[in-house]
Every structure is written in C-alpha cells, then in structure tokens.
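File shown: my_file22.pdb. Contents: PDB, C-alpha atoms, pLDDT in the B column.
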```pdb
ATOM      1  CA  MET A 466       5.198  96.031   7.844  1.00 66.00           C
ATOM      2  CA  LEU A 467       1.719  95.188   6.558  1.00 72.00           C
ATOM      3  CA  VAL A 468      -0.411  92.696   8.522  1.00 80.00           C
ATOM      4  CA  ASN A 469      -3.761  90.997   7.865  1.00 81.00           C
ATOM      5  CA  PHE A 470      -6.081  90.186  10.797  1.00 82.00           C
ATOM      6  CA  SER A 471      -8.883  87.665  10.379  1.00 80.00           C
ATOM      7  CA  ASN A 472     -10.824  84.911  12.120  1.00 80.00           C
ATOM      8  CA  VAL A 473     -12.071  81.581  10.829  1.00 77.00           C
ATOM      9  CA  GLN A 474     -13.541  78.528  12.558  1.00 71.00           C
ATOM     10  CA  ASN A 475     -13.516  80.518  15.845  1.00 79.00           C
ATOM     11  CA  ILE A 476      -9.742  81.010  15.792  1.00 88.00           C
ATOM     12  CA  PHE A 477      -7.656  84.147  15.225  1.00 92.00           C
ATOM     13  CA  ILE A 478      -5.104  84.207  12.441  1.00 91.00           C
ATOM     14  CA  PHE A 479      -2.756  86.921  11.220  1.00 91.00           C
ATOM     15  CA  CYS A 480      -0.217  86.982   8.441  1.00 90.00           C
ATOM     16  CA  ASN A 481       2.321  89.149   6.668  1.00 88.00           C
ATOM     17  CA  ALA A 482       0.357  90.578   3.750  1.00 81.00           C
ATOM     18  CA  GLU A 483       3.489  91.124   1.665  1.00 81.00           C
ATOM     19  CA  SER A 484       4.966  87.613   1.955  1.00 84.00           C
ATOM     20  CA  LYS A 485       1.500  86.010   2.461  1.00 82.00           C
ATOM     21  CA  GLN A 486       2.959  83.837   5.218  1.00 88.00           C
ATOM     22  CA  ILE A 487       1.093  83.030   8.428  1.00 90.00           C
ATOM     23  CA  ILE A 488       2.710  84.672  11.453  1.00 91.00           C
ATOM     24  CA  ASP A 489       0.695  82.800  14.071  1.00 92.00           C
ATOM     25  CA  ILE A 490      -2.655  81.176  14.883  1.00 92.00           C
ATOM     26  CA  ILE A 491      -4.398  81.786  18.212  1.00 92.00           C
ATOM     27  CA  GLU A 492      -7.160  79.606  19.636  1.00 91.00           C
ATOM     28  CA  ASP A 493      -9.120  82.421  21.302  1.00 89.00           C
ATOM     29  CA  ARG A 494     -10.153  85.601  19.454  1.00 88.00           C
ATOM     30  CA  ARG A 495     -11.613  87.451  22.441  1.00 91.00           C
ATOM     31  CA  LEU A 496     -10.138  90.894  23.082  1.00 93.00           C
ATOM     32  CA  SER A 497      -8.633  89.983  26.474  1.00 94.00           C
ATOM     33  CA  SER A 498      -6.835  86.968  24.990  1.00 93.00           C
ATOM     34  CA  LEU A 499      -5.515  88.948  22.024  1.00 94.00           C
ATOM     35  CA  GLN A 500      -4.270  91.724  24.339  1.00 96.00           C
ATOM     36  CA  ALA A 501      -2.376  89.201  26.474  1.00 95.00           C
ATOM     37  CA  TYR A 502      -0.896  87.563  23.364  1.00 95.00           C
ATOM     38  CA  PHE A 503       0.329  90.708  21.599  1.00 95.00           C
ATOM     39  CA  LYS A 504       1.779  92.193  24.774  1.00 95.00           C
ATOM     40  CA  ARG A 505       4.414  89.470  24.534  1.00 94.00           C
ATOM     41  CA  TYR A 506       5.851  91.409  21.593  1.00 93.00           C
ATOM     42  CA  THR A 507       8.037  94.373  22.471  1.00 94.00           C
ATOM     43  CA  LYS A 508       6.667  97.880  22.011  1.00 93.00           C
ATOM     44  CA  GLU A 509       9.397  98.512  19.430  1.00 94.00           C
ATOM     45  CA  ALA A 510       8.250  95.533  17.366  1.00 93.00           C
ATOM     46  CA  ARG A 511       4.612  96.623  17.522  1.00 94.00           C
ATOM     47  CA  THR A 512       5.405 100.185  16.467  1.00 93.00           C
ATOM     48  CA  ARG A 513       7.028  98.872  13.285  1.00 93.00           C
ATOM     49  CA  VAL A 514       3.630  97.706  12.025  1.00 93.00           C
ATOM     50  CA  LYS A 515       2.435 100.444   9.662  1.00 93.00           C
ATOM     51  CA  ASN A 516      -0.752  98.996   8.133  1.00 93.00           C
ATOM     52  CA  ILE A 517      -3.274  96.422   9.358  1.00 95.00           C
ATOM     53  CA  VAL A 518      -6.111  95.127   7.174  1.00 94.00           C
ATOM     54  CA  ILE A 519      -9.169  93.964   9.126  1.00 92.00           C
ATOM     55  CA  ASP A 520     -12.878  93.299   8.814  1.00 89.00           C
ATOM     56  CA  MET A 521     -15.398  95.273  10.882  1.00 88.00           C
ATOM     57  CA  TYR A 522     -14.924  93.221  14.054  1.00 89.00           C
ATOM     58  CA  ALA A 523     -14.953  95.897  16.803  1.00 90.00           C
ATOM     59  CA  PRO A 524     -12.436  94.202  19.187  1.00 91.00           C
ATOM     60  CA  TYR A 525      -9.764  94.398  16.462  1.00 93.00           C
ATOM     61  CA  ILE A 526     -10.111  98.178  16.372  1.00 94.00           C
ATOM     62  CA  SER A 527      -9.765  98.431  20.157  1.00 94.00           C
ATOM     63  CA  LEU A 528      -6.745  96.123  20.052  1.00 95.00           C
ATOM     64  CA  ILE A 529      -4.964  98.102  17.342  1.00 96.00           C
ATOM     65  CA  LYS A 530      -5.575 101.455  19.026  1.00 94.00           C
ATOM     66  CA  GLU A 531      -4.089 100.162  22.265  1.00 95.00           C
ATOM     67  CA  LEU A 532      -1.128  98.068  21.083  1.00 96.00           C
ATOM     68  CA  PHE A 533      -0.277  99.247  17.543  1.00 95.00           C
ATOM     69  CA  PRO A 534      -0.183 103.056  17.870  1.00 91.00           C
ATOM     70  CA  HIS A 535       1.514 103.701  14.503  1.00 93.00           C
ATOM     71  CA  ALA A 536      -0.605 101.305  12.450  1.00 94.00           C
ATOM     72  CA  LYS A 537      -3.099 102.575   9.897  1.00 94.00           C
ATOM     73  CA  MET A 538      -6.332 100.566  10.016  1.00 95.00           C
ATOM     74  CA  ILE A 539      -7.716  99.464   6.638  1.00 95.00           C
ATOM     75  CA  ILE A 540     -11.126  97.788   6.423  1.00 95.00           C
ATOM     76  CA  ASP A 541     -11.225  95.143   3.719  1.00 94.00           C
ATOM     77  CA  LYS A 542     -13.360  96.240   0.749  1.00 94.00           C
ATOM     78  CA  PHE A 543     -15.021  92.829   0.375  1.00 93.00           C
ATOM     79  CA  HIS A 544     -16.464  93.085   3.890  1.00 94.00           C
ATOM     80  CA  LEU A 545     -17.767  96.588   3.193  1.00 96.00           C
ATOM     81  CA  VAL A 546     -19.629  95.403   0.107  1.00 96.00           C
ATOM     82  CA  GLN A 547     -20.866  92.355   2.005  1.00 96.00           C
ATOM     83  CA  HIS A 548     -22.198  94.605   4.781  1.00 97.00           C
ATOM     84  CA  ILE A 549     -24.405  96.731   2.525  1.00 97.00           C
ATOM     85  CA  SER A 550     -25.424  93.698   0.417  1.00 98.00           C
ATOM     86  CA  ARG A 551     -26.799  91.957   3.501  1.00 97.00           C
ATOM     87  CA  ALA A 552     -28.696  95.090   4.510  1.00 98.00           C
ATOM     88  CA  LEU A 553     -30.303  95.388   1.072  1.00 98.00           C
ATOM     89  CA  ASN A 554     -31.129  91.686   1.063  1.00 98.00           C
ATOM     90  CA  LYS A 555     -32.885  91.976   4.442  1.00 98.00           C
ATOM     91  CA  THR A 556     -34.887  94.866   3.007  1.00 98.00           C
ATOM     92  CA  ARG A 557     -35.854  92.783  -0.031  1.00 98.00           C
ATOM     93  CA  ILE A 558     -37.011  89.901   2.191  1.00 98.00           C
ATOM     94  CA  ARG A 559     -39.214  92.213   4.243  1.00 98.00           C
ATOM     95  CA  PHE A 560     -40.911  93.540   1.112  1.00 98.00           C
ATOM     96  CA  MET A 561     -41.183  90.005  -0.269  1.00 97.00           C
ATOM     97  CA  LYS A 562     -43.287  89.125   2.786  1.00 97.00           C
ATOM     98  CA  LYS A 563     -45.286  92.336   2.494  1.00 97.00           C
ATOM     99  CA  PHE A 564     -46.188  92.014  -1.201  1.00 97.00           C
ATOM    100  CA  LYS A 565     -47.464  88.444  -1.134  1.00 95.00           C
ATOM    101  CA  LYS A 566     -48.806  88.720  -4.665  1.00 95.00           C
ATOM    102  CA  HIS A 567     -45.233  89.209  -5.938  1.00 97.00           C
ATOM    103  CA  HIS A 568     -43.553  86.868  -3.439  1.00 96.00           C
ATOM    104  CA  ARG A 569     -42.166  84.571  -6.143  1.00 96.00           C
ATOM    105  CA  LYS A 570     -40.749  87.443  -8.150  1.00 97.00           C
ATOM    106  CA  PHE A 571     -38.854  88.846  -5.160  1.00 97.00           C
ATOM    107  CA  LYS A 572     -37.577  85.387  -4.260  1.00 97.00           C
ATOM    108  CA  ARG A 573     -36.568  84.242  -7.740  1.00 97.00           C
ATOM    109  CA  TYR A 574     -34.823  87.439  -8.867  1.00 97.00           C
ATOM    110  CA  TRP A 575     -32.972  88.336  -5.652  1.00 97.00           C
ATOM    111  CA  ARG A 576     -29.625  88.410  -7.478  1.00 97.00           C
ATOM    112  CA  LEU A 577     -30.743  91.355  -9.601  1.00 98.00           C
ATOM    113  CA  PHE A 578     -30.977  93.543  -6.504  1.00 98.00           C
ATOM    114  CA  LEU A 579     -27.357  92.860  -5.505  1.00 97.00           C
ATOM    115  CA  LYS A 580     -25.921  92.970  -9.012  1.00 96.00           C
ATOM    116  CA  SER A 581     -24.021  96.060 -10.069  1.00 96.00           C
ATOM    117  CA  HIS A 582     -26.412  98.211 -12.124  1.00 95.00           C
ATOM    118  CA  SER A 583     -23.918  98.472 -14.975  1.00 94.00           C
ATOM    119  CA  LEU A 584     -23.950  94.665 -15.392  1.00 96.00           C
ATOM    120  CA  LEU A 585     -27.726  94.330 -15.775  1.00 97.00           C
ATOM    121  CA  ASN A 586     -29.043  93.219 -19.152  1.00 96.00           C
ATOM    122  CA  THR A 587     -30.663  96.248 -20.780  1.00 95.00           C
ATOM    123  CA  THR A 588     -30.870  95.041 -24.396  1.00 95.00           C
ATOM    124  CA  THR A 589     -32.053  91.436 -24.731  1.00 95.00           C
ATOM    125  CA  TYR A 590     -35.682  90.498 -24.098  1.00 96.00           C
ATOM    126  CA  ARG A 591     -36.223  86.949 -22.813  1.00 95.00           C
ATOM    127  CA  SER A 592     -39.106  84.816 -21.647  1.00 95.00           C
ATOM    128  CA  VAL A 593     -38.904  84.836 -17.858  1.00 93.00           C
ATOM    129  CA  TYR A 594     -40.654  82.967 -15.067  1.00 92.00           C
ATOM    130  CA  CYS A 595     -43.406  84.887 -13.221  1.00 93.00           C
ATOM    131  CA  PHE A 596     -43.979  87.323 -16.098  1.00 95.00           C
ATOM    132  CA  LYS A 597     -46.292  86.840 -19.067  1.00 91.00           C
ATOM    133  CA  GLN A 598     -44.259  88.859 -21.554  1.00 94.00           C
ATOM    134  CA  PRO A 599     -40.531  88.844 -22.475  1.00 95.00           C
ATOM    135  CA  MET A 600     -38.525  91.074 -20.164  1.00 96.00           C
ATOM    136  CA  ARG A 601     -35.005  92.405 -19.736  1.00 97.00           C
ATOM    137  CA  GLU A 602     -33.265  92.176 -16.370  1.00 97.00           C
ATOM    138  CA  ILE A 603     -33.622  95.927 -15.945  1.00 97.00           C
ATOM    139  CA  ASP A 604     -37.392  95.642 -16.559  1.00 97.00           C
ATOM    140  CA  ILE A 605     -37.817  92.960 -13.880  1.00 97.00           C
ATOM    141  CA  LEU A 606     -35.878  95.006 -11.367  1.00 98.00           C
ATOM    142  CA  ASN A 607     -37.723  98.243 -12.134  1.00 97.00           C
ATOM    143  CA  PHE A 608     -41.077  96.472 -11.798  1.00 98.00           C
ATOM    144  CA  LEU A 609     -40.183  95.336  -8.259  1.00 98.00           C
ATOM    145  CA  LEU A 610     -38.589  98.631  -7.229  1.00 98.00           C
ATOM    146  CA  ASP A 611     -41.637 100.618  -8.352  1.00 97.00           C
ATOM    147  CA  LEU A 612     -43.725  98.788  -5.753  1.00 97.00           C
ATOM    148  CA  SER A 613     -42.215 100.883  -2.953  1.00 97.00           C
ATOM    149  CA  PRO A 614     -40.438 104.274  -2.800  1.00 97.00           C
ATOM    150  CA  GLU A 615     -38.553 103.039   0.284  1.00 98.00           C
ATOM    151  CA  LEU A 616     -37.236  99.987  -1.559  1.00 98.00           C
ATOM    152  CA  LYS A 617     -36.201 102.109  -4.553  1.00 98.00           C
ATOM    153  CA  ALA A 618     -34.422 104.704  -2.405  1.00 97.00           C
ATOM    154  CA  THR A 619     -32.578 101.943  -0.545  1.00 98.00           C
ATOM    155  CA  TYR A 620     -31.557 100.274  -3.800  1.00 98.00           C
ATOM    156  CA  ASP A 621     -30.337 103.564  -5.300  1.00 98.00           C
ATOM    157  CA  LEU A 622     -28.168 104.294  -2.258  1.00 98.00           C
ATOM    158  CA  TYR A 623     -26.798 100.746  -2.336  1.00 98.00           C
ATOM    159  CA  GLN A 624     -25.769 101.179  -5.966  1.00 98.00           C
ATOM    160  CA  ASP A 625     -24.187 104.581  -5.273  1.00 98.00           C
ATOM    161  CA  LEU A 626     -22.142 103.190  -2.380  1.00 98.00           C
ATOM    162  CA  LEU A 627     -21.196 100.099  -4.388  1.00 97.00           C
ATOM    163  CA  PHE A 628     -19.974 102.228  -7.296  1.00 97.00           C
ATOM    164  CA  ALA A 629     -17.960 104.487  -4.964  1.00 97.00           C
ATOM    165  CA  LEU A 630     -16.278 101.459  -3.364  1.00 96.00           C
ATOM    166  CA  GLN A 631     -15.585  99.700  -6.664  1.00 95.00           C
ATOM    167  CA  THR A 632     -14.073 102.799  -8.254  1.00 95.00           C
ATOM    168  CA  LYS A 633     -12.392 103.956  -5.015  1.00 95.00           C
ATOM    169  CA  ASN A 634     -14.039 107.334  -5.387  1.00 96.00           C
ATOM    170  CA  LEU A 635     -13.411 108.821  -1.940  1.00 95.00           C
ATOM    171  CA  GLU A 636     -15.020 112.181  -2.752  1.00 96.00           C
ATOM    172  CA  ARG A 637     -18.242 110.520  -3.913  1.00 97.00           C
ATOM    173  CA  PHE A 638     -18.249 108.188  -0.904  1.00 97.00           C
ATOM    174  CA  ASN A 639     -17.873 111.046   1.595  1.00 96.00           C
ATOM    175  CA  HIS A 640     -20.619 113.002  -0.156  1.00 97.00           C
ATOM    176  CA  LEU A 641     -23.011 110.041   0.201  1.00 97.00           C
ATOM    177  CA  LEU A 642     -22.246 109.736   3.913  1.00 95.00           C
ATOM    178  CA  GLU A 643     -22.779 113.446   4.533  1.00 95.00           C
ATOM    179  CA  THR A 644     -26.142 113.521   2.712  1.00 95.00           C
ATOM    180  CA  GLU A 645     -29.388 112.786   4.548  1.00 93.00           C
ATOM    181  CA  HIS A 646     -31.271 109.752   3.216  1.00 94.00           C
ATOM    182  CA  SER A 647     -34.661 109.804   4.915  1.00 89.00           C
ATOM    183  CA  LEU A 648     -36.432 107.219   2.729  1.00 94.00           C
ATOM    184  CA  ILE A 649     -34.016 104.314   3.093  1.00 96.00           C
ATOM    185  CA  SER A 650     -35.064 101.201   4.989  1.00 97.00           C
ATOM    186  CA  PRO A 651     -34.280 100.670   8.715  1.00 97.00           C
ATOM    187  CA  GLU A 652     -32.092  97.690   7.795  1.00 97.00           C
ATOM    188  CA  PHE A 653     -29.989  99.791   5.459  1.00 98.00           C
ATOM    189  CA  GLN A 654     -29.974 102.748   7.838  1.00 97.00           C
ATOM    190  CA  THR A 655     -28.156 100.565  10.387  1.00 96.00           C
ATOM    191  CA  ALA A 656     -25.511  99.611   7.823  1.00 96.00           C
ATOM    192  CA  PHE A 657     -25.228 103.240   6.743  1.00 96.00           C
ATOM    193  CA  GLN A 658     -24.589 104.373  10.333  1.00 95.00           C
ATOM    194  CA  THR A 659     -21.877 101.715  10.628  1.00 95.00           C
ATOM    195  CA  PHE A 660     -20.170 103.210   7.578  1.00 96.00           C
ATOM    196  CA  LYS A 661     -20.304 106.632   9.224  1.00 95.00           C
ATOM    197  CA  THR A 662     -18.719 105.197  12.367  1.00 94.00           C
ATOM    198  CA  TYR A 663     -15.872 103.639  10.390  1.00 94.00           C
ATOM    199  CA  GLN A 664     -15.550 106.480   7.862  1.00 95.00           C
ATOM    200  CA  SER A 665     -11.915 107.278   8.677  1.00 93.00           C
ATOM    201  CA  TYR A 666     -10.888 103.635   8.244  1.00 95.00           C
ATOM    202  CA  ILE A 667     -12.843 103.295   5.000  1.00 96.00           C
ATOM    203  CA  LYS A 668     -10.931 106.348   3.777  1.00 95.00           C
ATOM    204  CA  ASN A 669      -7.769 104.252   4.170  1.00 95.00           C
ATOM    205  CA  THR A 670      -9.448 101.467   2.205  1.00 95.00           C
ATOM    206  CA  LEU A 671     -10.185 103.734  -0.737  1.00 95.00           C
ATOM    207  CA  SER A 672      -6.760 105.401  -0.718  1.00 93.00           C
ATOM    208  CA  THR A 673      -4.670 102.187  -0.662  1.00 91.00           C
ATOM    209  CA  HIS A 674      -4.574  98.933  -2.632  1.00 89.00           C
ATOM    210  CA  TYR A 675      -4.369  96.653   0.411  1.00 89.00           C
ATOM    211  CA  THR A 676      -6.995  93.934   0.931  1.00 88.00           C
ATOM    212  CA  ASN A 677      -7.571  90.824   3.017  1.00 88.00           C
ATOM    213  CA  GLY A 678      -7.260  88.680  -0.112  1.00 86.00           C
ATOM    214  CA  PRO A 679      -4.158  86.723   1.019  1.00 83.00           C
ATOM    215  CA  ILE A 680      -5.617  85.744   4.370  1.00 87.00           C
ATOM    216  CA  GLU A 681      -9.056  84.916   2.935  1.00 87.00           C
ATOM    217  CA  GLY A 682      -7.343  82.344   0.710  1.00 88.00           C
ATOM    218  CA  ILE A 683      -5.718  80.832   3.803  1.00 88.00           C
ATOM    219  CA  ASN A 684      -9.101  80.852   5.571  1.00 89.00           C
ATOM    220  CA  ASN A 685     -10.651  78.817   2.756  1.00 90.00           C
ATOM    221  CA  LYS A 686      -7.866  76.241   3.101  1.00 90.00           C
ATOM    222  CA  ILE A 687      -8.471  76.034   6.849  1.00 90.00           C
ATOM    223  CA  LYS A 688     -12.185  75.370   6.315  1.00 91.00           C
ATOM    224  CA  VAL A 689     -11.355  72.539   3.905  1.00 92.00           C
ATOM    225  CA  ILE A 690      -8.808  71.055   6.348  1.00 91.00           C
ATOM    226  CA  LYS A 691     -11.384  70.992   9.136  1.00 90.00           C
ATOM    227  CA  ARG A 692     -14.129  69.584   6.910  1.00 91.00           C
ATOM    228  CA  ILE A 693     -11.948  66.759   5.578  1.00 91.00           C
ATOM    229  CA  ALA A 694     -10.897  65.782   9.115  1.00 90.00           C
ATOM    230  CA  PHE A 695     -14.508  66.078  10.426  1.00 89.00           C
ATOM    231  CA  GLY A 696     -13.175  68.491  13.039  1.00 86.00           C
ATOM    232  CA  TYR A 697     -10.297  68.429  15.516  1.00 88.00           C
ATOM    233  CA  ARG A 698     -10.499  67.788  19.245  1.00 88.00           C
ATOM    234  CA  SER A 699      -7.053  69.250  19.839  1.00 90.00           C
ATOM    235  CA  PHE A 700      -6.251  72.829  18.807  1.00 91.00           C
ATOM    236  CA  TYR A 701      -2.543  71.876  18.806  1.00 90.00           C
ATOM    237  CA  HIS A 702      -3.153  69.206  16.153  1.00 90.00           C
ATOM    238  CA  PHE A 703      -5.388  71.548  14.159  1.00 91.00           C
ATOM    239  CA  LYS A 704      -2.766  74.293  14.180  1.00 92.00           C
ATOM    240  CA  SER A 705       0.016  71.843  13.283  1.00 90.00           C
ATOM    241  CA  ARG A 706      -1.981  70.588  10.311  1.00 90.00           C
ATOM    242  CA  ILE A 707      -2.555  74.133   9.042  1.00 90.00           C
ATOM    243  CA  LEU A 708       1.152  74.989   9.333  1.00 90.00           C
ATOM    244  CA  MET A 709       2.148  71.768   7.520  1.00 89.00           C
ATOM    245  CA  ILE A 710      -0.239  72.530   4.655  1.00 87.00           C
ATOM    246  CA  GLN A 711       1.294  76.014   4.414  1.00 85.00           C
ATOM    247  CA  ASN A 712       4.835  74.491   4.429  1.00 81.00           C
ATOM    248  CA  LEU A 713       5.696  76.383   7.616  1.00 78.00           C
ATOM    249  CA  THR A 714       6.588  73.265   9.596  1.00 72.00           C
ATOM    250  CA  LYS A 715       7.382  69.614   8.948  1.00 68.00           C
ATOM    251  CA  PRO A 716       5.891  66.571  10.655  1.00 63.00           C
ATOM    252  CA  LYS A 717       8.102  64.912  13.223  1.00 63.00           C
ATOM    253  CA  THR A 718       9.455  61.574  12.056  1.00 59.00           C
ATOM    254  CA  LYS A 719      10.671  58.775  14.221  1.00 56.00           C
ATOM    255  CA  ILE A 720      13.958  57.080  13.329  1.00 51.00           C
ATOM    256  CA  LEU A 721      13.599  53.336  13.781  1.00 50.00           C
ATOM    257  CA  ALA A 722      16.595  51.317  14.910  1.00 52.00           C
ATOM    258  CA  ALA A 723      17.851  48.645  12.501  1.00 49.00           C
TER
END
```
As structure tokens, what does this structure read like?
Amino acid sequence: MLVNFSNVQNIFIFCNAESKQIIDIIEDRRLSSLQAYFKRYTKEARTRVKNIVIDMYAPYISLIKELFPHAKMIIDKFHLVQHISRALNKTRIRFMKKFKKHHRKFKRYWRLFLKSHSLLNTTTYRSVYCFKQPMREIDILNFLLDLSPELKATYDLYQDLLFALQTKNLERFNHLLETEHSLISPEFQTAFQTFKTYQSYIKNTLSTHYTNGPIEGINNKIKVIKRIAFGYRSFYHFKSRILMIQNLTKPKTKILAA
C-alpha cells in the first residue's frame, strides 16, 4: 500500500496514493496525537504499508520509524525544490540589501535566480528596466552574479541540485552532497545540511515515481472550502464538508411526515 502524508490548515490528512481517496483527517498534527491515532490500527495493518510520501516535517519521520517499520519513506520532490529555492531567495535578499546601488535589479529580476538555467533566454535582446542597453535574461543574471563570488557559487550549486532532482540523477546528486562547497551562503549551507540529513530518503525520491501530487490537489480544495466558508468553528463540520466534497459521505437528510 502507498500512502501520502500531509498537513493543511493545521490539520493532518492522509490518503491512498493509488486510489487518491482520503483515508482520514485528524484535527491535531502533533507527534503525540498522531502516535495515539495510528496505534488504533493493528500492527499487521501497519506493516502492510510499503511506501509513504511525506514532506520534510520531522515528526512524520519519527512516526513512520516507530509505527510503520516496513514502509519506505519518500520525500516529495516539490518540497525538496521548494527548500533550496527558499534558501537561494534568502541569499538574494541579503545581497539586495548589501548592494544598494543595484537594489532594484535584484528585486525586479528575482525570478531569474530561481528559473532553471536551461530555460533562460540566451538569444533575444530586449529593452529591460534598470539597464540602459538591451539585454538577454542570461546577461541580467550574470551581471548580478558577478557582484559576489559567494552569490555565484550558491547559484551554481542550486542549479546543479535542481538539475539532479529534475532528471532524477541519483549519482550526480550524491556527488554534490559529498563534495565540499566552502563558498556557498550560510542560508544555503543550512538547506544543504538538511539534504545531507535526509539523503537516504531523497534516494527513494529519485529512484521511484511517487509524489505528493494527489494529496496536494486535495489540500488546495480544502483551502478553498475554508476560504469560502470564512472558517469553521467546529472541526466536525469542517471535516464533514471536506468528505462531502470528495464524495466520501453524504449529508444527512430529514424525512418530513406528510
């Protein structure tokens, strides 16, 4: 059995990744609450779970190790990319504040830093804001990266990791983790150490096709449900609404006497 773990709107939700059906929704996502909940399932039932897709929420890892001994943990690729993207963005912001003369350039062209290098425009020159002459996207990016060796080294490592994740190149990914990167920013160094900590789980990510896609779609629905209702006071009503939207339950109807 393949299961997706996730949390949204401060609740815990898990589903069958193959059928894409919600298994249950729990109000509290703290480790102690999840341990008490899953212990209601028999050990035999829990050992039948072979794969669990999660984000990098540490309590999930502790929970799976304790209660799902045969399950292979798979960290969702989207969350891995998001993790290094945030680290690079924090680095960019720090240099934006440092190089006040180029503040507007760093702020306006932030997307170029996060964009896959292969998708950058390298052929067409265009008139661009903040520059006096026509530039390509690659020229704008190189201009900003050349301002600091630390920023350039951080960007290069980001692109290498991004390419390894996108192409599921496990050999390249492991090589990047085993290599020393002394010039990268402190913000990215923290993210890099996190990848080293979760290296064995990321290996599962790159060697399988499983993702948290099904449950992320459900999460988006849940956010819309809560926004339309302007919130719910009762978790029971909130959960019931989610299950009705997913066609997993039907509203109770009263039969009126003639």
*Contacts of His567 in chain A within 10 Å, all atoms listed in the file, excl. fewer than 4 positions in-chain, as a PyMOL selection string*: chain A and resi 560-563+571-572+595+609+612
Would you mind exporting C-alpha atoms of the selected residues as a PDB file, keeping the file's coordinate frame?
```
ATOM      1  CA  PHE A 560     -40.911  93.540   1.112  1.00 98.00           C
ATOM      2  CA  MET A 561     -41.183  90.005  -0.269  1.00 97.00           C
ATOM      3  CA  LYS A 562     -43.287  89.125   2.786  1.00 97.00           C
ATOM      4  CA  LYS A 563     -45.286  92.336   2.494  1.00 97.00           C
ATOM      5  CA  PHE A 571     -38.854  88.846  -5.160  1.00 97.00           C
ATOM      6  CA  LYS A 572     -37.577  85.387  -4.260  1.00 97.00           C
ATOM      7  CA  CYS A 595     -43.406  84.887 -13.221  1.00 93.00           C
ATOM      8  CA  LEU A 609     -40.183  95.336  -8.259  1.00 98.00           C
ATOM      9  CA  LEU A 612     -43.725  98.788  -5.753  1.00 97.00           C
TER      10      LEU A 612
END
```
_Please determine, counting all atoms listed in the file, which residue among A:Leu496, A:Ile540, A:Leu622, A:Leu585 has the shortest atom-to-atom distance to Phe638 in chain A._
A:Leu622
*Please determine the residues with any atom at most 10 Å from (5.6, 99.2, 4.8) (coordinates as given in the file, with all atoms listed in the file counting) and report them as a PyMOL selection string.*
chain A and resi 466-468+483+513-516
*Go through A:Gln654, A:Phe695, A:Leu635, A:Thr556 one by one, measure the shortest atom-to-atom distance of each to Asn669 in chain A using only C-alpha atoms, and give the residue with the smallest value.*
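Closest to Asn669 in chain A of all the choices is A:Leu635.
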Could you list, as a PDB file with C-alpha atoms, in the frame of the given file, every residue matched by the PyMOL selection byres ((chain A and resi 650) around 9) in this structure?
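See out_26.pdb below for the written result:
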```pdb
ATOM      1  CA  ALA A 552     -28.696  95.090   4.510  1.00 98.00           C
ATOM      2  CA  LEU A 553     -30.303  95.388   1.072  1.00 98.00           C
ATOM      3  CA  THR A 556     -34.887  94.866   3.007  1.00 98.00           C
ATOM      4  CA  GLU A 615     -38.553 103.039   0.284  1.00 98.00           C
ATOM      5  CA  LEU A 616     -37.236  99.987  -1.559  1.00 98.00           C
ATOM      6  CA  ALA A 618     -34.422 104.704  -2.405  1.00 97.00           C
ATOM      7  CA  THR A 619     -32.578 101.943  -0.545  1.00 98.00           C
ATOM      8  CA  SER A 647     -34.661 109.804   4.915  1.00 89.00           C
ATOM      9  CA  LEU A 648     -36.432 107.219   2.729  1.00 94.00           C
ATOM     10  CA  ILE A 649     -34.016 104.314   3.093  1.00 96.00           C
ATOM     11  CA  PRO A 651     -34.280 100.670   8.715  1.00 97.00           C
ATOM     12  CA  GLU A 652     -32.092  97.690   7.795  1.00 97.00           C
ATOM     13  CA  PHE A 653     -29.989  99.791   5.459  1.00 98.00           C
ATOM     14  CA  GLN A 654     -29.974 102.748   7.838  1.00 97.00           C
ATOM     15  CA  THR A 655     -28.156 100.565  10.387  1.00 96.00           C
TER      16      THR A 655
END
```
*asked:* Ranking A:Leu626, A:Ile680, A:Met709, A:Ile667 by minimum distance to Ile487 in chain A and counting only C-alpha atoms, which one comes first?
replied: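 Of A:Leu626, A:Ile680, A:Met709, A:Ile667, the one nearest Ile487 in chain A, counting only C-alpha atoms, is A:Ile680.
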Near range 700-702 of chain A, counting all atoms listed in the file, which residues have an atom at most 12 Å away, once you skip same-chain residues fewer than 5 positions from it, shown as a compact mmCIF listing (two decimals) with C-alpha atoms, in the frame of the given file?
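around-v1.txt written:
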```txt
# COMPACT_ATOMS: atom_id res chain seq x y z
CA GLN A 474 -13.54 78.53 12.56
CA ASN A 475 -13.52 80.52 15.84
CA ILE A 476 -9.74 81.01 15.79
CA PHE A 477 -7.66 84.15 15.22
CA ILE A 490 -2.66 81.18 14.88
CA ILE A 491 -4.40 81.79 18.21
CA GLU A 492 -7.16 79.61 19.64
CA ASP A 493 -9.12 82.42 21.30
CA ILE A 690 -8.81 71.06 6.35
CA LYS A 691 -11.38 70.99 9.14
CA ALA A 694 -10.90 65.78 9.12
CA ILE A 707 -2.56 74.13 9.04
CA LEU A 708 1.15 74.99 9.33
CA MET A 709 2.15 71.77 7.52
CA PRO A 716 5.89 66.57 10.66
```
*Atomic separation - CA of Ile549 in chain A relative to CA of Leu671 in chain A, Å*: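 These atoms are spaced 16.2 Å apart.
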*Could you pull the residues within 12 Å of Ile529 in chain A, counting all atoms listed in the file, minus those fewer than 2 positions along the same chain, as a VMD selection string?*
chain A and resid 468 to 470 496 499 to 500 503 to 504 511 to 512 514 to 519 522 to 527 531 to 539
_Surrounding residues of Trp575 in chain A excluding itself and chain neighbours under 4 positions, 12 Å, only C-alpha atoms, as a list in words_ = Ser550, Arg551, Leu553, Asn554, Lys555, Thr556, Arg557, Ile558, Phe560, Met561, His568, Arg569, Lys570, Phe571, Leu579, Lys580, Glu602, Ile605, Leu606, Leu609 and Leu610 of chain A
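Distances from A:Pro679, A:Lys617, A:Asn607, A:Leu545 to Phe660 in chain A were compared using all atoms listed in the file, and the smallest one belongs to A:Leu545.
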Taking the partial coordinates given, rebuild range 527-532 of chain A to contain N, CA and C atoms; return it as a compact mmCIF listing (two decimals), in the frame of the given file.
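In the end it all went to selection38.txt:
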```txt
# COMPACT_ATOMS: atom_id res chain seq x y z
N SER A 527 -10.22 98.12 18.80
CA SER A 527 -9.76 98.43 20.16
C SER A 527 -8.35 97.92 20.38
N LEU A 528 -8.07 96.74 19.89
CA LEU A 528 -6.74 96.12 20.05
C LEU A 528 -5.67 96.94 19.35
N ILE A 529 -5.95 97.36 18.13
CA ILE A 529 -4.96 98.10 17.34
C ILE A 529 -4.70 99.48 17.96
N LYS A 530 -5.75 100.15 18.40
CA LYS A 530 -5.58 101.46 19.03
C LYS A 530 -4.69 101.37 20.26
N GLU A 531 -4.83 100.29 21.02
CA GLU A 531 -4.09 100.16 22.26
C GLU A 531 -2.65 99.70 22.05
N LEU A 532 -2.44 98.72 21.16
CA LEU A 532 -1.13 98.07 21.08
C LEU A 532 -0.34 98.36 19.81
```
